[in-house]
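Data file: target.cif. Format and content: mmCIF, C-alpha atoms and all ligand atoms.
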```cif
data_coords
loop_
_atom_site.label_atom_id
_atom_site.label_comp_id
_atom_site.auth_asym_id
_atom_site.auth_seq_id
_atom_site.Cartn_x
_atom_site.Cartn_y
_atom_site.Cartn_z
CA MET E 1 125.91 102.04 118.15
CA ILE E 2 126.06 105.23 116.12
CA ALA E 3 123.55 105.34 113.24
CA THR E 4 124.32 107.65 110.33
CA VAL E 5 121.40 109.08 108.35
CA ARG E 6 121.82 111.15 105.19
CA LYS E 7 119.49 113.53 103.45
CA ALA E 8 116.93 111.71 101.30
CA ARG E 9 116.01 112.90 97.80
CA ARG E 10 112.76 111.05 98.34
CA LEU E 11 111.30 108.07 100.21
CA GLU E 12 109.57 105.40 98.23
CA GLY E 13 108.15 101.93 98.71
CA GLU E 14 106.06 99.83 101.04
CA VAL E 15 106.68 99.02 104.64
CA THR E 16 105.21 96.85 107.37
CA VAL E 17 105.69 98.26 110.85
CA PRO E 18 106.04 96.07 113.99
CA GLY E 19 102.95 94.82 115.79
CA ASP E 20 101.31 97.35 118.06
CA LYS E 21 103.29 97.58 121.29
CA SER E 22 100.35 98.50 123.52
CA ILE E 23 98.16 95.68 122.20
CA SER E 24 101.05 93.19 122.38
CA HIS E 25 101.67 93.88 126.10
CA ARG E 26 97.99 93.46 126.84
CA ALA E 27 97.67 90.25 124.80
CA LEU E 28 100.46 88.67 126.86
CA ILE E 29 99.23 89.90 130.23
CA LEU E 30 95.52 89.26 129.75
CA GLY E 31 96.14 86.01 127.88
CA SER E 32 98.14 84.84 130.91
CA ILE E 33 95.15 85.04 133.26
CA ALA E 34 92.62 83.64 130.77
CA ASP E 35 91.30 80.09 130.95
CA GLY E 36 92.87 78.24 128.03
CA LYS E 37 95.26 79.00 125.22
CA SER E 38 95.25 82.39 123.51
CA ARG E 39 96.59 82.67 119.99
CA PHE E 40 97.79 85.75 118.17
CA ARG E 41 99.60 86.86 115.08
CA GLY E 42 101.76 89.95 114.72
CA LEU E 43 103.09 90.26 118.28
CA SER E 44 105.64 93.09 118.55
CA SER E 45 109.20 91.79 118.50
CA GLY E 46 110.40 94.87 120.39
CA ALA E 47 112.41 94.61 123.59
CA ASP E 48 109.61 96.13 125.70
CA VAL E 49 107.19 93.37 124.79
CA GLN E 50 109.96 90.83 125.42
CA SER E 51 110.21 92.31 128.92
CA THR E 52 106.53 91.57 129.50
CA ALA E 53 106.96 88.03 128.13
CA ARG E 54 109.94 87.47 130.47
CA CYS E 55 107.94 88.68 133.50
CA MET E 56 104.93 86.50 132.66
CA ARG E 57 107.20 83.46 132.25
CA ALA E 58 108.69 84.18 135.67
CA LEU E 59 105.11 84.10 136.98
CA GLY E 60 104.72 80.58 135.61
CA VAL E 61 103.10 81.22 132.22
CA ASP E 62 104.06 79.35 129.07
CA ILE E 63 104.52 81.91 126.25
CA THR E 64 105.62 81.64 122.62
CA ASP E 65 105.64 84.25 119.82
CA THR E 66 102.13 83.19 118.82
CA SER E 67 100.47 81.87 121.96
CA VAL E 68 99.98 82.13 125.70
CA ARG E 69 98.78 79.21 127.77
CA GLY E 70 96.56 81.01 130.29
CA VAL E 71 96.75 79.86 133.90
CA GLY E 72 93.41 81.36 134.94
CA MET E 73 92.65 84.20 137.33
CA LYS E 74 94.22 82.40 140.29
CA GLY E 75 97.05 80.52 138.62
CA LEU E 76 100.02 82.92 138.69
CA ARG E 77 103.02 81.62 140.65
CA HIS E 78 105.15 83.58 143.08
CA PRO E 79 108.29 84.50 141.08
CA ALA E 80 111.58 83.31 142.50
CA GLU E 81 113.20 86.72 142.00
CA PRO E 82 112.17 90.36 141.49
CA LEU E 83 110.64 90.86 138.05
CA ASP E 84 112.74 92.79 135.52
CA CYS E 85 110.58 95.17 133.46
CA GLY E 86 113.62 96.48 131.54
CA ASN E 87 112.84 99.85 129.93
CA SER E 88 109.09 99.30 129.82
CA GLY E 89 106.73 101.56 131.75
CA THR E 90 103.73 99.68 130.37
CA THR E 91 105.03 96.38 131.77
CA MET E 92 105.67 97.88 135.18
CA ARG E 93 102.40 99.78 135.56
CA LEU E 94 100.10 97.08 134.19
CA LEU E 95 101.81 94.38 136.24
CA ALA E 96 101.68 96.56 139.36
CA GLY E 97 97.89 96.42 139.02
CA LEU E 98 97.68 92.71 138.28
CA LEU E 99 100.17 91.67 140.95
CA SER E 100 98.76 93.91 143.67
CA ALA E 101 95.78 91.55 143.70
CA GLN E 102 97.81 88.35 144.22
CA ARG E 103 98.25 86.56 147.51
CA PHE E 104 102.02 86.84 147.16
CA SER E 105 104.18 89.95 147.14
CA THR E 106 106.34 90.85 144.11
CA GLU E 107 109.08 93.39 143.55
CA LEU E 108 109.16 95.02 140.10
CA ARG E 109 112.45 96.42 138.87
CA GLY E 110 113.60 98.21 135.75
CA ASP E 111 116.61 99.73 134.04
CA GLU E 112 118.08 103.10 135.00
CA SER E 113 115.50 105.04 132.97
CA LEU E 114 112.50 103.10 134.31
CA THR E 115 113.78 103.37 137.89
CA ARG E 116 113.57 107.17 137.58
CA ARG E 117 110.00 107.20 136.27
CA PRO E 118 107.04 107.98 138.56
CA MET E 119 105.19 104.97 139.96
CA ASP E 120 103.26 106.78 142.71
CA ARG E 121 100.56 107.39 140.08
CA VAL E 122 99.72 103.69 140.11
CA VAL E 123 100.58 102.99 143.76
CA THR E 124 98.10 105.62 145.03
CA PRO E 125 94.92 104.10 143.53
CA LEU E 126 96.06 100.55 144.34
CA ARG E 127 96.49 101.51 147.99
CA ALA E 128 93.04 103.10 147.91
CA MET E 129 91.79 99.63 146.88
CA GLY E 130 93.39 98.21 150.00
CA ALA E 131 96.42 96.74 148.25
CA ASP E 132 99.80 96.55 149.85
CA ALA E 133 101.71 98.70 147.34
CA ARG E 134 104.95 100.59 147.97
CA TRP E 135 107.42 102.61 145.92
CA PRO E 136 110.38 103.01 145.64
CA PRO E 137 111.29 100.22 145.12
CA LEU E 138 107.98 99.02 143.69
CA ILE E 139 106.62 96.14 145.77
CA VAL E 140 103.00 95.05 145.43
CA GLY E 141 100.68 92.26 146.58
CA GLY E 142 100.11 89.97 149.52
CA GLN E 143 97.15 91.86 150.95
CA THR E 144 93.85 90.63 149.49
CA PRO E 145 90.96 90.97 148.78
CA LEU E 146 90.99 94.37 147.11
CA HIS E 147 88.01 96.71 147.26
CA GLY E 148 86.34 98.35 144.30
CA ILE E 149 86.84 102.12 144.10
CA GLU E 150 85.84 105.00 141.90
CA TYR E 151 89.09 106.72 140.96
CA ARG E 152 89.34 110.12 139.36
CA MET E 153 92.75 110.07 137.70
CA PRO E 154 94.85 113.24 138.08
CA VAL E 155 97.02 112.40 135.00
CA ALA E 156 95.85 111.10 131.65
CA SER E 157 97.56 107.72 131.47
CA ALA E 158 96.37 104.57 129.75
CA GLN E 159 98.98 102.67 131.73
CA VAL E 160 97.54 103.75 135.08
CA LYS E 161 93.97 103.23 133.88
CA SER E 162 94.88 99.71 132.79
CA GLY E 163 96.72 98.91 136.02
CA VAL E 164 93.67 99.89 138.09
CA LEU E 165 91.25 97.99 135.82
CA LEU E 166 93.40 94.86 136.08
CA ALA E 167 93.35 95.11 139.87
CA GLY E 168 89.59 95.72 139.64
CA LEU E 169 89.06 92.29 138.07
CA PHE E 170 90.05 90.82 141.44
CA ALA E 171 88.18 93.28 143.70
CA ASP E 172 85.09 92.62 145.80
CA GLY E 173 82.95 95.10 143.84
CA PRO E 174 82.97 97.28 140.73
CA THR E 175 85.98 99.52 140.05
CA ALA E 176 85.63 102.69 138.01
CA VAL E 177 88.27 104.97 136.59
CA ILE E 178 87.47 108.47 135.39
CA GLU E 179 90.04 109.83 132.98
CA PRO E 180 90.76 113.55 132.61
CA ILE E 181 91.17 112.93 128.86
CA ALA E 182 90.27 109.78 126.97
CA THR E 183 93.38 107.65 126.34
CA ARG E 184 93.98 104.49 124.30
CA ASN E 185 91.27 101.93 125.07
CA HIS E 186 92.93 98.61 124.20
CA THR E 187 92.57 97.19 127.74
CA GLU E 188 88.84 97.86 127.82
CA GLN E 189 88.36 96.41 124.34
CA MET E 190 90.34 93.29 125.04
CA LEU E 191 88.69 92.65 128.42
CA SER E 192 85.26 92.94 126.80
CA ALA E 193 86.30 90.53 124.06
CA MET E 194 87.36 88.07 126.80
CA GLY E 195 83.95 88.23 128.43
CA ALA E 196 84.66 90.63 131.30
CA ASP E 197 81.91 93.03 132.32
CA VAL E 198 83.26 96.43 131.22
CA ALA E 199 81.07 99.51 130.86
CA VAL E 200 82.34 102.68 129.20
CA GLU E 201 80.46 105.95 129.48
CA GLY E 202 82.42 108.86 128.11
CA ARG E 203 85.61 109.06 130.16
CA ARG E 204 84.36 106.70 132.87
CA VAL E 205 85.35 103.05 132.58
CA GLU E 206 83.95 100.50 135.00
CA VAL E 207 84.98 96.90 135.38
CA ARG E 208 83.28 94.27 137.52
CA PRO E 209 85.11 91.45 139.27
CA ALA E 210 85.58 88.38 137.07
CA ASP E 211 85.87 84.67 137.89
CA ARG E 212 87.21 83.75 134.51
CA LEU E 213 88.31 85.32 131.22
CA GLY E 214 87.96 83.59 127.88
CA PRO E 215 91.08 83.11 125.73
CA LEU E 216 92.02 85.53 122.95
CA GLU E 217 92.25 84.92 119.24
CA ILE E 218 93.73 88.08 117.74
CA GLU E 219 95.63 89.52 114.85
CA ILE E 220 97.73 92.36 116.25
CA PRO E 221 97.82 95.28 113.81
CA GLY E 222 100.91 97.30 112.91
CA ASP E 223 101.78 100.04 115.39
CA VAL E 224 100.48 103.43 114.29
CA SER E 225 102.99 105.11 116.62
CA ALA E 226 105.80 103.36 114.73
CA ALA E 227 104.17 104.37 111.43
CA SER E 228 104.21 108.02 112.55
CA PHE E 229 107.94 108.32 111.78
CA TRP E 230 107.33 107.35 108.15
CA LEU E 231 104.27 109.59 107.92
CA VAL E 232 106.31 112.64 108.88
CA ALA E 233 109.32 111.70 106.76
CA SER E 234 107.29 111.00 103.61
CA GLY E 235 104.97 113.91 104.25
CA LEU E 236 107.94 116.28 104.19
CA VAL E 237 110.50 114.94 101.72
CA ALA E 238 109.42 116.21 98.29
CA GLY E 239 108.54 113.53 95.74
CA SER E 240 107.99 110.78 98.32
CA ALA E 241 105.30 108.13 98.02
CA LEU E 242 104.99 105.53 100.72
CA ARG E 243 102.54 102.82 101.61
CA ILE E 244 102.34 101.38 105.11
CA ARG E 245 100.51 98.07 105.29
CA ASN E 246 98.22 96.79 108.01
CA VAL E 247 98.30 99.66 110.51
CA GLY E 248 96.01 99.86 113.55
CA THR E 249 93.56 102.72 113.12
CA ASN E 250 91.78 102.54 116.49
CA PRO E 251 90.32 106.07 116.85
CA THR E 252 91.99 106.52 120.26
CA ARG E 253 95.34 106.28 118.44
CA THR E 254 94.95 108.22 115.20
CA ALA E 255 94.66 111.86 116.28
CA PHE E 256 98.17 112.39 114.94
CA VAL E 257 97.16 111.31 111.44
CA ASP E 258 94.39 113.95 111.47
CA LEU E 259 96.82 116.56 112.74
CA LEU E 260 99.36 115.88 109.96
CA ARG E 261 96.56 116.14 107.41
CA ALA E 262 95.62 119.54 108.86
CA CYS E 263 99.29 120.54 108.44
CA GLY E 264 98.90 119.81 104.71
CA MET E 265 100.31 116.28 104.33
CA MET E 266 98.40 113.90 102.09
CA ILE E 267 97.51 110.77 104.05
CA ALA E 268 94.96 108.32 102.71
CA ILE E 269 93.59 105.37 104.67
CA SER E 270 92.19 102.53 102.60
CA GLY E 271 91.15 98.92 103.05
CA MET E 272 89.63 99.60 106.47
CA ARG E 273 88.60 96.40 108.22
CA THR E 274 88.29 94.99 111.71
CA ALA E 275 90.76 92.36 112.80
CA GLY E 276 90.59 90.86 116.30
CA GLY E 277 88.38 93.65 117.58
CA GLU E 278 90.71 96.42 116.37
CA GLN E 279 90.36 98.61 113.28
CA VAL E 280 93.08 98.21 110.63
CA GLY E 281 93.87 99.92 107.32
CA GLU E 282 96.58 100.76 104.78
CA LEU E 283 98.14 104.22 104.96
CA GLU E 284 99.46 106.06 101.94
CA VAL E 285 101.40 109.24 102.45
CA ALA E 286 102.88 111.93 100.23
CA PRO E 287 103.71 115.61 100.67
CA GLY E 288 100.89 118.09 99.99
CA PRO E 289 101.00 121.33 97.98
CA GLU E 290 101.06 123.63 101.00
CA LEU E 291 102.10 123.23 104.63
CA HIS E 292 100.68 124.99 107.69
CA PRO E 293 101.94 125.33 111.28
CA THR E 294 100.18 123.48 114.05
CA SER E 295 99.09 123.88 117.63
CA VAL E 296 98.55 121.11 120.15
CA ASN E 297 96.97 121.64 123.57
CA GLY E 298 96.34 119.51 126.65
CA SER E 299 93.72 117.08 125.46
CA GLN E 300 95.31 116.62 122.04
CA ALA E 301 98.74 116.07 123.59
CA ALA E 302 97.49 113.07 125.57
CA GLU E 303 96.01 111.54 122.42
CA MET E 304 99.33 111.65 120.56
CA ILE E 305 101.83 111.56 123.39
CA ASP E 306 104.18 109.06 121.68
CA GLU E 307 104.10 110.98 118.39
CA LEU E 308 105.15 114.35 119.83
CA PRO E 309 108.93 113.93 119.41
CA VAL E 310 108.50 113.42 115.67
CA LEU E 311 105.92 116.20 115.58
CA ALA E 312 108.66 118.54 116.84
CA VAL E 313 110.71 117.51 113.80
CA ALA E 314 107.77 118.19 111.49
CA ALA E 315 107.14 121.59 113.08
CA SER E 316 110.73 122.64 112.30
CA GLN E 317 109.73 122.41 108.61
CA LEU E 318 106.24 123.94 108.84
CA PRO E 319 106.02 127.62 107.90
CA GLY E 320 105.21 129.80 110.93
CA THR E 321 105.07 129.20 114.66
CA SER E 322 103.88 125.86 116.01
CA ARG E 323 103.01 125.62 119.71
CA ILE E 324 102.82 122.29 121.45
CA THR E 325 101.58 122.53 125.04
CA GLY E 326 99.90 120.35 127.66
CA ALA E 327 102.59 117.72 127.20
CA ALA E 328 104.43 117.82 130.55
CA GLU E 329 104.19 114.01 130.53
CA LEU E 330 106.99 114.04 127.96
CA ARG E 331 109.34 114.97 130.80
CA VAL E 332 108.78 111.59 132.48
CA LYS E 333 108.96 109.24 129.50
CA GLU E 334 111.98 107.02 128.72
CA SER E 335 113.95 110.30 128.71
CA ASP E 336 112.97 113.94 129.23
CA ARG E 337 111.70 114.15 125.66
CA ILE E 338 111.13 117.91 125.79
CA ALA E 339 114.79 118.54 126.63
CA ALA E 340 116.14 115.76 124.38
CA MET E 341 114.37 117.10 121.27
CA VAL E 342 115.42 120.70 121.99
CA GLU E 343 119.02 119.55 122.29
CA GLY E 344 119.01 117.40 119.15
CA LEU E 345 117.02 119.69 116.87
CA SER E 346 118.87 122.85 118.02
CA ALA E 347 122.19 121.17 117.17
CA MET E 348 120.79 120.64 113.65
CA GLY E 349 119.76 124.27 113.24
CA ALA E 350 116.06 124.22 114.21
CA ASP E 351 114.46 127.14 116.05
CA ILE E 352 112.91 125.30 119.03
CA LYS E 353 112.34 126.53 122.56
CA ALA E 354 111.34 124.40 125.51
CA LEU E 355 108.29 125.20 127.59
CA ASP E 356 107.60 123.39 130.86
CA ASP E 357 104.97 121.40 129.01
CA GLY E 358 106.01 121.44 125.36
CA TRP E 359 107.74 123.52 122.73
CA VAL E 360 107.47 126.62 120.59
CA ILE E 361 108.95 125.91 117.18
CA ASN E 362 109.47 128.38 114.33
CA GLY E 363 109.82 127.04 110.84
CA PRO E 364 110.79 126.28 108.26
CA ARG E 365 114.48 126.14 109.16
CA HIS E 366 117.25 124.62 107.12
CA LEU E 367 118.61 121.59 108.99
CA GLU E 368 122.28 120.53 108.95
CA GLY E 369 123.45 117.08 109.91
CA ALA E 370 125.07 116.93 113.36
CA ARG E 371 126.12 114.43 116.02
CA VAL E 372 123.06 114.04 118.27
CA ASP E 373 122.23 112.07 121.42
CA SER E 374 119.23 109.73 121.54
CA HIS E 375 119.41 109.72 125.35
CA ARG E 376 118.81 105.98 124.90
CA ASP E 377 115.19 106.77 124.13
CA HIS E 378 113.76 104.87 121.14
CA ARG E 379 111.33 107.58 120.07
CA VAL E 380 113.95 110.32 120.33
CA ALA E 381 116.37 108.23 118.23
CA MET E 382 113.76 107.63 115.49
CA ALA E 383 112.55 111.26 115.52
CA LEU E 384 116.14 112.47 115.08
CA ALA E 385 116.60 109.94 112.26
CA VAL E 386 113.64 111.57 110.49
CA ALA E 387 115.30 114.96 111.03
CA GLY E 388 118.44 113.42 109.47
CA LEU E 389 116.48 112.56 106.31
CA LEU E 390 115.65 116.26 105.97
CA ALA E 391 119.09 117.66 106.86
CA ASP E 392 122.04 118.39 104.63
CA GLY E 393 125.04 116.15 105.22
CA ALA E 394 125.21 113.36 107.73
CA THR E 395 123.37 113.05 111.03
CA GLU E 396 124.97 110.72 113.56
CA ILE E 397 122.69 109.39 116.27
CA GLU E 398 124.33 108.07 119.41
CA ASP E 399 123.08 104.93 121.21
CA ALA E 400 120.80 104.28 118.25
CA GLU E 401 120.36 100.60 119.17
CA CYS E 402 117.63 101.77 121.58
CA VAL E 403 115.20 101.68 118.60
CA GLU E 404 114.99 97.94 119.40
CA ILE E 405 112.65 98.84 122.28
CA SER E 406 109.75 99.32 119.89
CA TYR E 407 111.09 99.01 116.34
CA PRO E 408 113.67 96.31 115.62
CA GLY E 409 114.95 96.80 112.06
CA PHE E 410 114.06 100.50 111.92
CA PHE E 411 117.33 101.56 110.29
CA ASP E 412 117.19 98.70 107.74
CA GLN E 413 113.71 99.80 106.73
CA LEU E 414 114.88 103.38 106.49
CA GLU E 415 117.60 102.29 104.10
CA SER E 416 115.15 100.30 101.98
CA LEU E 417 112.92 103.38 101.53
CA TRP E 418 115.75 105.89 101.07
CA ARG E 419 116.35 107.22 97.55
C1 LIG E 501 100.93 103.19 126.72
C2 LIG E 501 100.46 104.38 127.20
C3 LIG E 501 101.20 105.63 127.09
C4 LIG E 501 102.31 105.56 126.04
C5 LIG E 501 103.10 104.29 126.11
C6 LIG E 501 102.20 103.07 125.99
C7 LIG E 501 100.12 101.98 126.93
O1 LIG E 501 101.76 105.94 128.35
O2 LIG E 501 103.17 106.67 126.15
O3 LIG E 501 104.06 104.25 125.07
O4 LIG E 501 100.35 100.96 126.27
O5 LIG E 501 99.20 102.02 127.77
P1 LIG E 501 100.90 106.71 129.47
O6 LIG E 501 99.61 106.03 129.54
O7 LIG E 501 101.65 106.59 130.75
O8 LIG E 501 100.82 108.13 129.00
#
```

Any chance you could put this one into structure tokens?
Ligand code: S3P
Amino acid sequence: MIATVRKARRLEGEVTVPGDKSISHRALILGSIADGKSRFRGLSSGADVQSTARCMRALGVDITDTSVRGVGMKGLRHPAEPLDCGNSGTTMRLLAGLLSAQRFSTELRGDESLTRRPMDRVVTPLRAMGADARWPPLIVGGQTPLHGIEYRMPVASAQVKSGVLLAGLFADGPTAVIEPIATRNHTEQMLSAMGADVAVEGRRVEVRPADRLGPLEIEIPGDVSAASFWLVASGLVAGSALRIRNVGTNPTRTAFVDLLRACGMMIAISGMRTAGGEQVGELEVAPGPELHPTSVNGSQAAEMIDELPVLAVAASQLPGTSRITGAAELRVKESDRIAAMVEGLSAMGADIKALDDGWVINGPRHLEGARVDSHRDHRVAMALAVAGLLADGATEIEDAECVEISYPGFFDQLESLWR
């Protein structure tokens, strides 16, 4: 599908973004090994979370949009066929951890993009725990029990951290992960809420083996990474005023909001409350009187890794030179996001140069609509749609249906806000 986006005079209205993708994956996976029925509201309807649901069903778990009937720590069934993780790195890496601790062996497969993504980062610690884990193709499990380890992670990755912690639940002693940079902490929070023994000290997270996990009762907040597209669009299109309801404001996820504020956008968070162990609030965004360029380095990049494609769009409109570095991970996401954003934004007239680990972007530059390629990457497609709202003429985004991965209905919402 080709999506056409035209320049907006302003953006106005209220939106609800899909349920948080990271929390949704974890609710399905952890709920599956709990004792009893977990209930939730606000599960992401995106295709990635559907991939996790499909895999858990193939492992014998009964799942609906609002519940998971947990089978307990030892109740997963050997799947009849290899599991299909679709486009979802989170599904593959979290399940690699969980399934490495099972008495049966499972092969995990994915689409063309996922097949290219690095899995050695999760296989290495799992093997250190004594698991039978191989890649490529990714095959885990059959060799138990696992042993607790202390693992110093070479890359900042919440997916790898979570995979190792999940395996650690089944080990014969404590398992600790030391992160180079603190990443999203939803796994730790949810495990604690389920009664697991999790200790966090700075960037060291330790989990002890568990016999049982209690079921979950959670309200999944809106995805702040999905909200980031509207924050940038409304923070840049003059005269805009937008309200985004019920967004997760977990501090491990909101560094991007602080960064946009420092760039001069007006973002207010109100109605802060805690729902199901996670912080939630309403976001209101409007352009500010003056914009400033930005710089992002290694530790900041990890805290806003999913927001960086749309940050590149913002930087094309900020006066001066913005430097985004320490983000080499972008090269191994659903597409090479560094290259994909250089290609798309350059075609629209932006001054953007690729670095090995980020970009140098000079702004503000006048953008012109162009035909651009999403590279079948949901965040690239949505970032280029935001660029389209700022560009003269029409921007045509190829393979735009990939937004379904994390944001079904994205283009309909865009139309409802467009003035
Ligand atoms: C995620 C972690 C991040 C992020 C992804 C979701 C998670 O990946 O990019 O969209 O839910 O744990 P990495 O941890 O591999 O950086």

>> Env of region 146-149 of chain E: 8 Å cut, atoms = all atoms listed in the file, seq-sep filter 2 positions within chain, self excluded. Answer as a ChimeraX atom specification.
In response: /E:101,128-131,143-144,151,167-168,170-176

> Which of these residues is nearest to Cys85 (chain E), using only C-alpha atoms: E:Val71, E:Ile405, E:Met266, E:Asp399?
Replying inline: E:Ile405

Where's the centre, and what are the edge lengths in Å to one decimal, of a box along x, y and z enclosing all listed atoms of ligand LIG 501 (chain E) padded 3 Å per side, as AutoDock Vina command-line options?
```
--center_x 101.6 --center_y 104.5 --center_z 127.9 --size_x 10.9 --size_y 13.2 --size_z 11.7
```

> Quick one: residues within 6 Å of ligand LIG 501 (chain E), with all atoms listed in the file, as a ChimeraX atom specification?
Replying inline: /E:22,90,157-159,305-306

>> So, with all atoms listed in the file as the atoms that count, which of E:Val285, E:Val155, E:Arg371, E:Ile352 lies closest to Val237 (chain E)?
In response: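 Once distances to Val237 (chain E) are computed over all atoms listed in the file, the minimum belongs to E:Val285.
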
> For Gly46 (chain E), which residue out of E:Gln413, E:Ser374, E:Ser316, E:Ser406 is the nearest one, using only C-alpha atoms?
Replying inline: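 Nearest to Gly46 (chain E): E:Ser406.
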
>> I'd like the contact shell of Arg331 (chain E) - 10 Å cut-off, only C-alpha atoms, skipping same-chain residues fewer than 3 positions apart - returned as a list in words.
In response: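 Answer for this query is Arg117, Ala327, Ala328, Glu334, Ser335, Asp336, Arg337, Ile338, Ala339, Ala340, Asp356, Asp357 and Gly358 of chain E.
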
Resulting file, chosen residues, C-alpha atoms, as an mmCIF file, in the frame of the given file:
```cif
data_model
loop_
_atom_site.group_PDB
_atom_site.id
_atom_site.type_symbol
_atom_site.label_atom_id
_atom_site.label_comp_id
_atom_site.auth_asym_id
_atom_site.auth_seq_id
_atom_site.Cartn_x
_atom_site.Cartn_y
_atom_site.Cartn_z
ATOM 1 C CA ARG E 117 110.000 107.200 136.270
ATOM 2 C CA ALA E 327 102.590 117.720 127.200
ATOM 3 C CA ALA E 328 104.430 117.820 130.550
ATOM 4 C CA GLU E 334 111.980 107.020 128.720
ATOM 5 C CA SER E 335 113.950 110.300 128.710
ATOM 6 C CA ASP E 336 112.970 113.940 129.230
ATOM 7 C CA ARG E 337 111.700 114.150 125.660
ATOM 8 C CA ILE E 338 111.130 117.910 125.790
ATOM 9 C CA ALA E 339 114.790 118.540 126.630
ATOM 10 C CA ALA E 340 116.140 115.760 124.380
ATOM 11 C CA ASP E 356 107.600 123.390 130.860
ATOM 12 C CA ASP E 357 104.970 121.400 129.010
ATOM 13 C CA GLY E 358 106.010 121.440 125.360
#
```
